[in-house]
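Below is one structure, written out as structure tokens; the observations come after it.
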Amino acid sequence: MQLDIFNDSRDVMLRNDVLSASQQYDAAGARRALQALANEYPEDDVAQVYFGSIVNALEGRSTVLFDRHEAALQARQALSQEVQPAVTHVFPRKSGATWLAPLFLLAARWAEASDAILRIASWRRIPAPLCWMTEARYRLDGLEAAWPLLVELAWLSPSRFDQLLSRIGDACIYTLRRNFDTSFDGAGDIDDLAWFPAWILTEKAGLAPLFKQAAPSRPNAPARAAKVMLQLLSLERQGRHHELLETRRELQALNTALYAAYMKTR
């Protein structure tokens with residue numbers, strides 16, 4: 001009896017469809033693929049159990065923080081007892097922990113999220129994992145430890161930075177953000193937030209040592225402006241007036257609104 005390669009690999013193809021949609025966090029696509037697998041291979045109980053846990057976790061994802069301790073505890077237990085073993089069973093070995101990172105965050109498992117993100121190549125240059133790591137760092141160690149990553153995220157992805165600020169609800173950042181929104185004369189859109197780190201230094205020069213630890217993933221004007229602000233603060237302390245004037249002109253060329261905010265405090 002000859003082997004029909006198409007028919008005998010059909011179950012593998014259907015499993016791969018579920019896996020592919022799951023890896024992309026496509027809950028609806030994963031559910032459709034899982035239903036197709038169940039329709040053609042109803043006896044495949046193992047796939048139904050493992051993939052079912054993963055798809056259920058995707059469908060239950062939310063960006064809203066838990067409002068009750070019991071809800072967070074239930075999410076942690078489900079992640080540990082059902083989802084994590086399922087991911088280990090069906091995902092490629094190196095990608096499972098990475099895929100779990102945002103679910104770890106939602107379940108408030110900050111250390112495990114951090115460990116998973118560190119397995120992502122160049123995570124600091126990619127908006128999503130940088131955002132995940134920034135939140136994990138904030139939850140684990142507080143605002144001071146998170147500042148360098150917050151700065152990098154503002155430069156790399158102002159929209160994700162905005163979403164993260166809303167999610168963590170830090171009182172200090174909220175005050176700074178409110179003052180920035182009312183005083184910074186920018187374009188009036190979300191991309192203005194890329195200038196937020198440089199603007200902060202006009203208000204809180206004491207954050208300079210933390211901001212020096214930030215490294216832009218790609219050169220852009222807002223990142224350059226923050227570096228120029230750090231140079232200005234250093235030149236002011238040293239009393240190097242000639243260089244100070246030249247550097248002020250560089251800041252003005254980069255962004256007149258930022259320059260105005262800087263000069264208002266001088």
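FYI, nothing fancy with the structure tokens labels: chains A, B, ... in order, residues from 1 per chain, ligands from 1 as they appear.
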Please give the complete set of residues from range 171-235 of chain A that DSSP, run on the backbone, assigns to helix (DSSP H, G or I), formatted as a CSV table (one decimal) with C-alpha atoms, in the first residue's frame.
chain,number,residue,atom,x,y,z
A,171,ALA,CA,2.1,59.8,39.5
A,172,CYS,CA,5.5,61.4,38.7
A,173,ILE,CA,5.3,60.6,35.0
A,174,TYR,CA,1.7,61.7,34.9
A,175,THR,CA,2.6,65.2,36.3
A,176,LEU,CA,5.5,65.5,33.8
A,177,ARG,CA,3.3,64.4,30.9
A,178,ARG,CA,0.5,66.8,31.8
A,179,ASN,CA,3.0,69.7,32.0
A,180,PHE,CA,4.5,68.6,28.7
A,181,ASP,CA,1.2,68.5,26.9
A,182,THR,CA,0.2,72.0,28.1
A,183,SER,CA,3.5,73.7,27.5
A,190,ILE,CA,1.5,61.5,19.3
A,191,ASP,CA,4.9,61.8,17.7
A,192,ASP,CA,5.5,64.8,20.0
A,193,LEU,CA,6.2,62.3,22.7
A,194,ALA,CA,9.5,61.4,21.1
A,195,TRP,CA,10.7,64.9,22.4
A,196,PHE,CA,9.4,64.2,25.9
A,197,PRO,CA,12.8,62.8,27.3
A,198,ALA,CA,14.7,65.9,26.1
A,199,TRP,CA,11.9,68.2,27.5
A,200,ILE,CA,12.0,66.4,30.9
A,201,LEU,CA,15.6,67.5,31.2
A,202,THR,CA,14.6,71.1,31.0
A,203,GLU,CA,12.4,70.5,34.1
A,205,ALA,CA,18.1,68.1,35.4
A,206,GLY,CA,18.7,65.6,38.3
A,207,LEU,CA,17.5,62.8,36.0
A,208,ALA,CA,20.5,63.4,33.7
A,209,PRO,CA,22.6,60.5,35.1
A,210,LEU,CA,19.8,58.0,34.4
A,211,PHE,CA,19.1,59.4,30.9
A,221,ALA,CA,16.3,64.2,16.0
A,222,PRO,CA,14.6,63.6,19.3
A,223,ALA,CA,17.3,61.3,20.5
A,224,ARG,CA,20.0,63.8,19.4
A,225,ALA,CA,18.1,66.6,21.2
A,226,ALA,CA,18.2,64.6,24.5
A,227,LYS,CA,22.0,64.1,24.0
A,228,VAL,CA,22.4,67.9,23.4
A,229,MET,CA,20.4,68.6,26.5
A,230,LEU,CA,22.8,66.4,28.5
A,231,GLN,CA,25.7,68.3,27.0
A,232,LEU,CA,24.1,71.6,27.9
A,233,LEU,CA,23.6,70.6,31.5
A,234,SER,CA,27.3,69.5,31.7
A,235,LEU,CA,28.6,72.7,30.1
